[in-house]
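data-v6.cif (mmCIF, C-alpha atoms) appears below.
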data_protein
loop_
_atom_site.label_atom_id
_atom_site.label_comp_id
_atom_site.auth_asym_id
_atom_site.auth_seq_id
_atom_site.Cartn_x
_atom_site.Cartn_y
_atom_site.Cartn_z
CA MET A 1 -137.04 287.53 231.62
CA LEU A 2 -136.40 288.31 227.95
CA VAL A 3 -132.87 289.11 226.92
CA GLY A 4 -131.15 290.04 223.68
CA MET A 5 -128.30 288.19 221.97
CA SER A 6 -125.89 290.81 220.69
CA GLN A 7 -123.94 288.41 218.52
CA LEU A 8 -126.99 288.08 216.26
CA THR A 9 -127.86 291.74 215.90
CA ALA A 10 -127.89 293.32 212.50
CA GLY A 11 -124.55 294.76 211.57
CA PRO A 12 -121.52 294.29 209.39
CA ALA A 13 -120.22 291.20 211.16
CA HIS A 14 -123.05 288.72 211.55
CA ARG A 15 -122.26 285.44 213.19
CA ALA A 16 -124.32 282.28 213.05
CA PRO A 17 -125.80 281.23 216.38
CA SER A 18 -123.87 278.38 217.97
CA GLY A 19 -125.53 275.51 219.78
CA ALA A 20 -124.38 276.99 223.08
CA SER A 21 -125.78 280.45 222.27
CA VAL A 22 -129.13 278.98 221.24
CA LEU A 23 -129.38 277.00 224.48
CA ALA A 24 -128.36 280.04 226.50
CA GLY A 25 -130.99 282.12 224.73
CA ALA A 26 -133.64 279.45 225.32
CA ARG A 27 -132.70 279.26 229.00
CA HIS A 28 -133.10 282.99 229.54
CA GLY A 29 -135.64 283.84 226.86
CA HIS A 30 -138.68 282.61 228.78
CA PRO A 31 -138.62 280.50 231.95
CA GLY A 32 -142.01 278.91 231.33
CA LEU A 33 -141.15 277.75 227.82
CA PHE A 34 -137.72 276.58 228.92
CA TRP A 35 -139.16 274.52 231.76
CA LEU A 36 -141.77 273.17 229.37
CA ALA A 37 -138.85 271.81 227.36
CA VAL A 38 -137.31 270.31 230.51
CA PHE A 39 -140.67 268.78 231.52
CA SER A 40 -141.03 267.37 228.01
CA ALA A 41 -137.55 265.86 228.19
CA VAL A 42 -138.42 264.11 231.45
CA LEU A 43 -141.64 262.80 229.92
CA ALA A 44 -139.68 261.61 226.87
CA VAL A 45 -137.53 259.51 229.19
CA VAL A 46 -140.69 258.14 230.83
CA ALA A 47 -142.18 257.27 227.45
CA THR A 48 -138.95 255.65 226.26
CA THR A 49 -138.93 253.54 229.42
CA GLY A 50 -142.54 252.64 228.73
CA LEU A 51 -141.62 251.44 225.25
CA VAL A 52 -139.06 249.09 226.82
CA VAL A 53 -141.03 247.70 229.76
CA ASP A 54 -144.65 247.95 228.57
CA ASP A 55 -145.56 245.78 225.58
CA ARG A 56 -149.14 247.02 225.24
CA VAL A 57 -150.29 248.03 221.76
CA LEU A 58 -152.92 250.65 220.91
CA LEU A 59 -154.37 250.95 217.41
CA GLY A 60 -151.60 248.78 216.04
CA ALA A 61 -148.74 250.86 217.51
CA PRO A 62 -146.75 250.60 220.75
CA LEU A 63 -148.74 252.34 223.48
CA TRP A 64 -145.92 254.71 224.44
CA ALA A 65 -144.88 255.73 220.92
CA LYS A 66 -147.42 258.55 220.69
CA PRO A 67 -146.57 260.09 224.10
CA LEU A 68 -142.89 260.00 223.14
CA LYS A 69 -143.56 261.84 219.87
CA PHE A 70 -145.61 264.52 221.59
CA ALA A 71 -143.04 264.99 224.36
CA LEU A 72 -140.26 265.49 221.83
CA SER A 73 -142.41 267.76 219.65
CA PHE A 74 -143.54 270.05 222.48
CA GLY A 75 -140.03 270.12 223.92
CA LEU A 76 -138.54 271.34 220.65
CA TYR A 77 -141.39 273.81 220.17
CA GLY A 78 -140.87 275.27 223.64
CA LEU A 79 -137.12 275.62 223.14
CA ALA A 80 -137.59 277.29 219.75
CA LEU A 81 -140.12 279.83 221.03
CA SER A 82 -138.05 280.61 224.13
CA TRP A 83 -134.96 281.19 222.00
CA MET A 84 -136.92 283.44 219.64
CA LEU A 85 -138.22 285.50 222.55
CA SER A 86 -134.64 286.05 223.70
CA LEU A 87 -133.96 287.86 220.42
CA VAL A 88 -136.59 290.61 220.52
CA ASP A 89 -136.19 294.17 221.73
CA GLY A 90 -139.80 295.16 222.42
CA GLY A 91 -142.94 293.51 223.69
CA ARG A 92 -141.27 291.84 226.64
CA ARG A 93 -144.27 292.00 228.96
CA THR A 94 -146.63 290.69 226.27
CA GLY A 95 -144.12 288.03 225.31
CA ALA A 96 -143.80 286.91 228.92
CA VAL A 97 -147.57 286.52 229.36
CA LEU A 98 -148.11 284.74 226.05
CA GLY A 99 -145.11 282.50 226.63
CA TRP A 100 -146.64 281.31 229.90
CA ALA A 101 -149.94 280.75 228.08
CA VAL A 102 -148.29 278.52 225.49
CA ALA A 103 -146.29 276.65 228.14
CA ALA A 104 -149.37 276.03 230.31
CA GLY A 105 -151.45 274.86 227.35
CA ALA A 106 -148.74 272.47 226.17
CA ALA A 107 -148.30 271.09 229.69
CA VAL A 108 -152.04 270.35 229.88
CA GLU A 109 -151.84 268.54 226.54
CA LEU A 110 -148.92 266.41 227.70
CA VAL A 111 -150.53 265.52 231.02
CA ILE A 112 -153.68 264.32 229.27
CA ILE A 113 -151.77 262.36 226.62
CA PHE A 114 -149.61 260.62 229.21
CA GLY A 115 -152.55 260.07 231.56
CA GLN A 116 -154.51 258.37 228.82
CA ALA A 117 -151.49 256.23 227.95
CA VAL A 118 -151.30 255.06 231.56
CA ARG A 119 -154.96 254.05 231.27
CA GLY A 120 -154.20 252.28 227.99
CA VAL A 121 -156.72 254.28 225.94
CA ARG A 122 -156.61 256.80 223.10
CA SER A 123 -156.06 260.46 223.87
CA HIS A 124 -157.30 261.80 220.52
CA PHE A 125 -160.70 261.27 218.88
CA ASN A 126 -161.86 259.21 221.85
CA SER A 127 -165.46 259.47 223.04
CA ASP A 128 -165.79 255.96 224.44
CA THR A 129 -166.67 257.29 227.90
CA ASP A 130 -167.75 260.64 229.29
CA LEU A 131 -164.27 261.10 230.77
CA ASP A 132 -162.56 260.36 227.46
CA ALA A 133 -164.84 262.75 225.60
CA THR A 134 -164.27 265.49 228.16
CA LEU A 135 -160.50 265.09 228.03
CA PHE A 136 -160.49 265.22 224.23
CA SER A 137 -162.63 268.38 224.34
CA VAL A 138 -160.16 269.95 226.76
CA MET A 139 -157.32 269.06 224.40
CA GLY A 140 -159.15 270.69 221.50
CA MET A 141 -159.67 273.90 223.45
CA THR A 142 -156.07 273.85 224.64
CA VAL A 143 -154.71 273.49 221.11
CA ALA A 144 -156.85 276.42 219.96
CA PHE A 145 -155.54 278.43 222.92
CA ILE A 146 -151.91 277.60 222.02
CA TRP A 147 -152.53 278.51 218.38
CA LEU A 148 -154.04 281.90 219.22
CA ALA A 149 -151.28 282.70 221.71
CA THR A 150 -148.64 281.80 219.11
CA VAL A 151 -150.35 284.02 216.51
CA TRP A 152 -150.26 286.90 218.95
CA LEU A 153 -146.61 286.23 219.70
CA ALA A 154 -145.76 286.12 216.01
CA ILE A 155 -147.56 289.37 215.20
CA GLY A 156 -147.09 291.47 218.31
CA VAL A 157 -143.73 290.39 219.66
CA LEU A 158 -141.63 288.35 217.26
CA GLY A 159 -142.14 290.90 214.52
CA ARG A 160 -139.52 293.06 216.23
CA PRO A 161 -136.29 291.08 216.49
CA ARG A 162 -132.91 292.75 216.07
CA LEU A 163 -131.18 290.11 214.01
CA ASP A 164 -129.42 289.28 210.81
CA PRO A 165 -132.05 289.80 208.04
CA ALA A 166 -131.87 286.15 206.96
CA LEU A 167 -132.48 284.90 210.49
CA THR A 168 -135.33 287.38 210.97
CA ALA A 169 -136.99 286.12 207.79
CA SER A 170 -136.53 282.50 208.86
CA ILE A 171 -138.21 283.12 212.23
CA ARG A 172 -141.20 284.87 210.70
CA LEU A 173 -141.64 282.31 207.94
CA GLY A 174 -141.13 279.43 210.35
CA LEU A 175 -143.89 280.71 212.60
CA VAL A 176 -146.30 281.23 209.70
CA VAL A 177 -145.76 277.71 208.36
CA ALA A 178 -145.94 276.22 211.87
CA LEU A 179 -149.27 277.92 212.52
CA LEU A 180 -150.64 276.57 209.24
CA GLY A 181 -149.29 273.13 210.14
CA MET A 182 -151.16 273.32 213.44
CA LEU A 183 -154.36 274.06 211.50
CA VAL A 184 -154.07 270.64 209.87
CA GLY A 185 -155.24 269.42 213.26
CA VAL A 186 -158.56 271.15 212.55
CA VAL A 187 -158.81 269.16 209.32
CA MET A 188 -158.26 265.99 211.38
CA SER A 189 -161.12 266.96 213.68
CA VAL A 190 -163.45 267.58 210.73
CA ASN A 191 -162.32 264.29 209.22
CA GLY A 192 -162.96 262.47 212.50
CA GLY A 193 -159.42 261.10 212.65
CA HIS A 194 -156.00 261.37 211.09
CA ALA A 195 -156.38 258.60 208.51
CA VAL A 196 -158.08 259.12 205.13
CA ALA A 197 -159.68 256.29 203.13
CA VAL A 198 -158.72 253.79 205.85
CA ALA A 199 -159.46 253.42 209.56
CA ASP A 200 -157.13 254.90 212.16
CA GLY A 201 -154.73 252.40 213.64
CA GLY A 202 -153.75 250.30 210.62
CA PRO A 203 -150.21 249.41 209.52
CA GLY A 204 -147.83 252.34 209.87
CA LEU A 205 -144.25 253.48 209.39
CA PRO A 206 -141.83 252.60 212.20
CA LEU A 207 -141.75 255.07 215.12
CA PHE A 208 -143.98 257.66 213.42
CA GLY A 209 -146.88 255.30 212.88
CA TRP A 210 -148.01 257.12 209.72
CA SER A 211 -150.35 254.95 207.68
CA THR A 212 -148.85 252.79 204.93
CA THR A 213 -152.25 251.85 203.49
CA GLY A 214 -154.03 255.22 203.24
CA GLY A 215 -153.64 258.95 203.63
CA ASP A 216 -152.42 260.32 206.95
CA LEU A 217 -152.85 263.98 207.90
CA ARG A 218 -150.32 263.64 210.73
CA VAL A 219 -147.50 263.86 208.16
CA ALA A 220 -148.35 267.43 207.15
CA HIS A 221 -149.13 268.35 210.76
CA PHE A 222 -145.71 267.14 211.90
CA VAL A 223 -143.77 268.71 209.04
CA GLY A 224 -145.53 272.06 209.41
CA MET A 225 -145.16 272.24 213.20
CA HIS A 226 -141.39 271.91 213.00
CA ALA A 227 -140.83 274.73 210.53
CA VAL A 228 -139.97 276.85 213.59
CA GLN A 229 -136.83 274.75 214.02
CA VAL A 230 -135.96 273.87 210.43
CA LEU A 231 -136.03 277.33 208.84
CA PRO A 232 -133.98 279.15 211.52
CA LEU A 233 -131.49 276.28 211.41
CA LEU A 234 -131.17 276.71 207.64
CA ALA A 235 -130.66 280.45 208.09
CA ALA A 236 -127.97 279.81 210.68
CA LEU A 237 -126.18 277.46 208.30
CA LEU A 238 -126.29 280.06 205.51
CA ILE A 239 -124.95 282.76 207.83
CA ALA A 240 -122.12 280.45 208.85
CA LEU A 241 -120.92 280.07 205.25
CA PRO A 242 -117.88 282.19 204.36
CA GLU A 243 -118.60 285.29 202.28
CA ARG A 244 -116.54 283.87 199.43
CA ARG A 245 -118.92 280.92 199.14
CA LEU A 246 -122.21 282.78 199.58
CA ALA A 247 -122.48 286.55 199.60
CA GLY A 248 -124.64 288.12 202.26
CA PRO A 249 -127.24 289.62 199.86
CA ALA A 250 -128.19 286.10 198.68
CA ARG A 251 -128.99 284.75 202.13
CA ARG A 252 -132.33 286.39 202.83
CA PRO A 253 -133.77 285.59 199.35
CA LEU A 254 -132.66 281.98 199.81
CA VAL A 255 -134.35 281.82 203.21
CA ARG A 256 -137.54 283.27 201.72
CA LEU A 257 -137.34 280.67 198.96
CA ALA A 258 -136.93 277.96 201.60
CA GLY A 259 -139.98 279.30 203.45
CA GLY A 260 -142.07 279.26 200.28
CA THR A 261 -140.82 275.76 199.50
CA TYR A 262 -141.70 274.56 202.99
CA LEU A 263 -145.19 276.02 202.62
CA ALA A 264 -145.61 274.31 199.24
CA LEU A 265 -144.43 271.03 200.77
CA LEU A 266 -147.00 271.39 203.56
CA ALA A 267 -149.73 271.91 200.96
CA LEU A 268 -148.49 268.95 198.90
CA LEU A 269 -148.45 266.59 201.90
CA THR A 270 -151.93 267.71 202.97
CA TRP A 271 -153.25 267.25 199.42
CA GLN A 272 -151.66 263.80 199.18
CA ALA A 273 -153.20 262.70 202.47
CA LEU A 274 -156.67 264.02 201.60
CA ARG A 275 -156.53 261.93 198.42
CA GLY A 276 -156.02 258.80 200.54
CA GLN A 277 -152.40 258.18 199.54
CA PRO A 278 -149.77 256.91 201.97
CA LEU A 279 -146.63 259.03 202.27
CA ALA A 280 -144.49 256.16 201.01
CA ALA A 281 -146.74 255.32 198.05
CA PRO A 282 -147.48 258.51 196.08
CA ASP A 283 -149.18 258.21 192.69
CA ALA A 284 -147.88 259.64 189.43
CA VAL A 285 -149.71 262.95 189.91
CA THR A 286 -148.17 263.49 193.35
CA LEU A 287 -144.72 262.56 192.07
CA ALA A 288 -145.10 264.96 189.14
CA ALA A 289 -146.09 267.78 191.49
CA ALA A 290 -143.14 267.03 193.77
CA GLY A 291 -140.78 266.90 190.81
CA ALA A 292 -142.04 270.21 189.48
CA LEU A 293 -141.52 271.76 192.91
CA VAL A 294 -137.93 270.49 193.10
CA ILE A 295 -137.11 271.80 189.61
CA ALA A 296 -138.68 275.21 190.27
CA VAL A 297 -136.90 275.60 193.61
CA GLY A 298 -133.56 274.48 192.23
CA ALA A 299 -133.78 276.86 189.28
CA THR A 300 -134.81 279.77 191.48
CA ALA A 301 -132.02 279.10 193.97
CA LEU A 302 -129.50 279.02 191.12
CA VAL A 303 -130.73 282.38 189.82
CA ILE A 304 -130.51 283.92 193.32
CA VAL A 305 -126.97 282.69 193.89
CA ARG A 306 -125.77 283.85 190.47
CA GLN A 307 -127.35 287.28 190.69
CA ARG A 308 -126.60 288.06 194.35
CA GLY A 309 -124.00 285.56 195.43
#

Can you turn what I pasted into structure tokens?
Amino acid sequence: MLVGMSQLTAGPAHRAPSGASVLAGARHGHPGLFWLAVFSAVLAVVATTGLVVDDRVLLGAPLWAKPLKFALSFGLYGLALSWMLSLVDGGRRTGAVLGWAVAAGAAVELVIIFGQAVRGVRSHFNSDTDLDATLFSVMGMTVAFIWLATVWLAIGVLGRPRLDPALTASIRLGLVVALLGMLVGVVMSVNGGHAVAVADGGPGLPLFGWSTTGGDLRVAHFVGMHAVQVLPLLAALLIALPERRLAGPARRPLVRLAGGTYLALLALLTWQALRGQPLAAPDAVTLAAAGALVIAVGATALVIVRQRG
């Protein structure tokens, strides 16, 4: 069942969503997506236990680190989409069907990833046996299915929320950037793995496992996917600021600036990885591009606040 959240509707007295209101919206926004988040939380506990009791290593990383990351990622994604669906007026039937499609696809992904971890083998880019190749093919089709369902949600359903303008902009921008972040997975498939200029499975950053010796497309994939949480959270923080500190007319332009910045960051991280550079060891060109982005964003934000704040 999809429900509205009246405290976020457009009007003269906007209020930022509280943690309790977001959880309530996620609980009632879509049962399938909410229970996907619950299922993911249970699997996260399983994976954490595995990290403690199972000392096996796969491609240089703890065997259960990858399942833990995917459980947390899909859990947050499910909660975010369910909450967003609780905010729309129209398209409830379509939203319900597509929500179940996303939840089912994500559940299949998680079952395969955890099943392969139990077997002690790779879940991604694994064609060692016919079973492994089949499972990876299923994962590829499932990801494409999730992507298409999310596109349809973004265009047909989530384009009609009744919210504060800044929050509306953050949801739309977050979905666009997340969908582009998911497409980085296609680049990984074309590349034959997530690492660039080095083999998959070398030295990596703690927990994340991102390569410290070469480029790693998982960085951009991760950052892009979570735009659906980061941008609405930023909008909520801006809405929560007192009017004397930040006038309402400045909030939506600032959110749009944040969305553009996030998109530029996604492009920068993808470009850095494709050039074979580790996240923690950018060259002078990458640093110059990052510095230019920071200066441009800071200057633009200052202009927005002065003109509209």

Residues within 8 Å of (-145.3, 254.7, 215.6), file coords, all atoms listed in the file, listed as a ChimeraX atom specification: /A:61-62,65-66,204-210

Close residues, Met84 in chain A itself excluded, 9 Å, only C-alpha atoms, min 3 positions apart in chain, as a ChimeraX atom specification: /A:25-26,29,79-81,87-88,158,161,171

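The smallest atom-to-atom distance between Leu148 in chain A and any of A:Leu131, A:Val121, A:Val53, A:Leu183, using all atoms listed in the file, is found for A:Leu183.
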
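Of the listed residues (A:Gly224, A:Gly78, A:Gly215, A:Pro165), A:Gly224 comes nearest to Gly185 in chain A; the distances count only C-alpha atoms.
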
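Ranking A:Leu173, A:Ala178, A:Val297, A:Ala101 by their shortest atom-to-atom distance to Phe145 in chain A, with all atoms listed in the file included, puts A:Ala101 first.
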
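Residues with any atom within 12 Å of the point (-144.5, 258.6, 208.1), counting all atoms listed in the file, are Ala195, Pro203, Gly204, Leu205, Pro206, Leu207, Phe208, Gly209, Trp210, Ser211, Thr212, Thr213, Gly214, Gly215, Asp216, Leu217, Arg218, Val219, Ala220, His221, Phe222, Val223, Leu269, Ala273, Gln277, Pro278, Leu279, Ala280 and Ala281 of chain A.
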
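The list of residues with at least one atom within 8 Å of range 262-265 of chain A, based on only C-alpha atoms and without residues fewer than 5 positions apart in the same chain, reads A:Val177, A:Gly224, A:Ala227, A:Leu293.
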
Polymer residues at most 8 Å from Ala103 in chain A, only C-alpha atoms, same-chain spacing of 4 or more positions, as a PyMOL selection string: chain A and resi 32-33+36+78+99+107

Length of the CA of Pro31 in chain A to CA of Met225 in chain A vector [Å]: 21.5 Å

Phe74 in chain A environment, 8 Å, only C-alpha atoms, sequence neighbours closer than 3 positions dropped, as an MDAnalysis selection string: chainID A and resid 36:37 40 70:71 77:78 106

Option closest in space to Gly260 in chain A, from A:Thr300, A:Leu274, A:Asp54, A:Thr150 [counting only C-alpha atoms]: A:Thr300

Residue IDs satisfying the PyMOL selection byres ((chain A and resi 96) around 9), as a list in words: Met1, Leu2, Gly29, His30, Pro31, Gly32, Leu85, Gly91, Arg92, Arg93, Thr94, Gly95, Val97, Leu98, Gly99, Trp100 and Ala101 of chain A

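Among A:His226, A:Met182, A:Asn126, A:Pro253, the residue with the shortest atom-to-atom distance to Gly75 in chain A, counting only C-alpha atoms, is A:His226.
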
Pick from A:Ala250, A:Val143, A:Ala104, A:Val111, whichever lies nearest to Ser189 in chain A using all atoms listed in the file: A:Val143

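Going from CA of Thr168 in chain A over to CA of Arg306 in chain A, you cover 22.9 Å.
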
Residues near Ser170 in chain A, cut-off 7 Å, only C-alpha atoms, skip fewer than 6 positions along chain, as a PyMOL selection string: chain A and resi 231-232+235+255

Resolved residues for the PyMOL selection byres ((chain A and resi 67) around 9) as a PyMOL selection string: chain A and resi 43-44+47+63-66+68-72+110+113-114+117

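Rounded to one decimal, CA of Gln272 in chain A and CA of Gly291 in chain A lie 14.1 Å from each other.
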
Output check: residues returned by the PyMOL selection byres ((chain A and resi 124) around 9), as a list in words: Ile113, Arg122, Ser123, Phe125, Asn126, Ser127, Asp132, Leu135, Phe136, Met139 and Gly193 of chain A
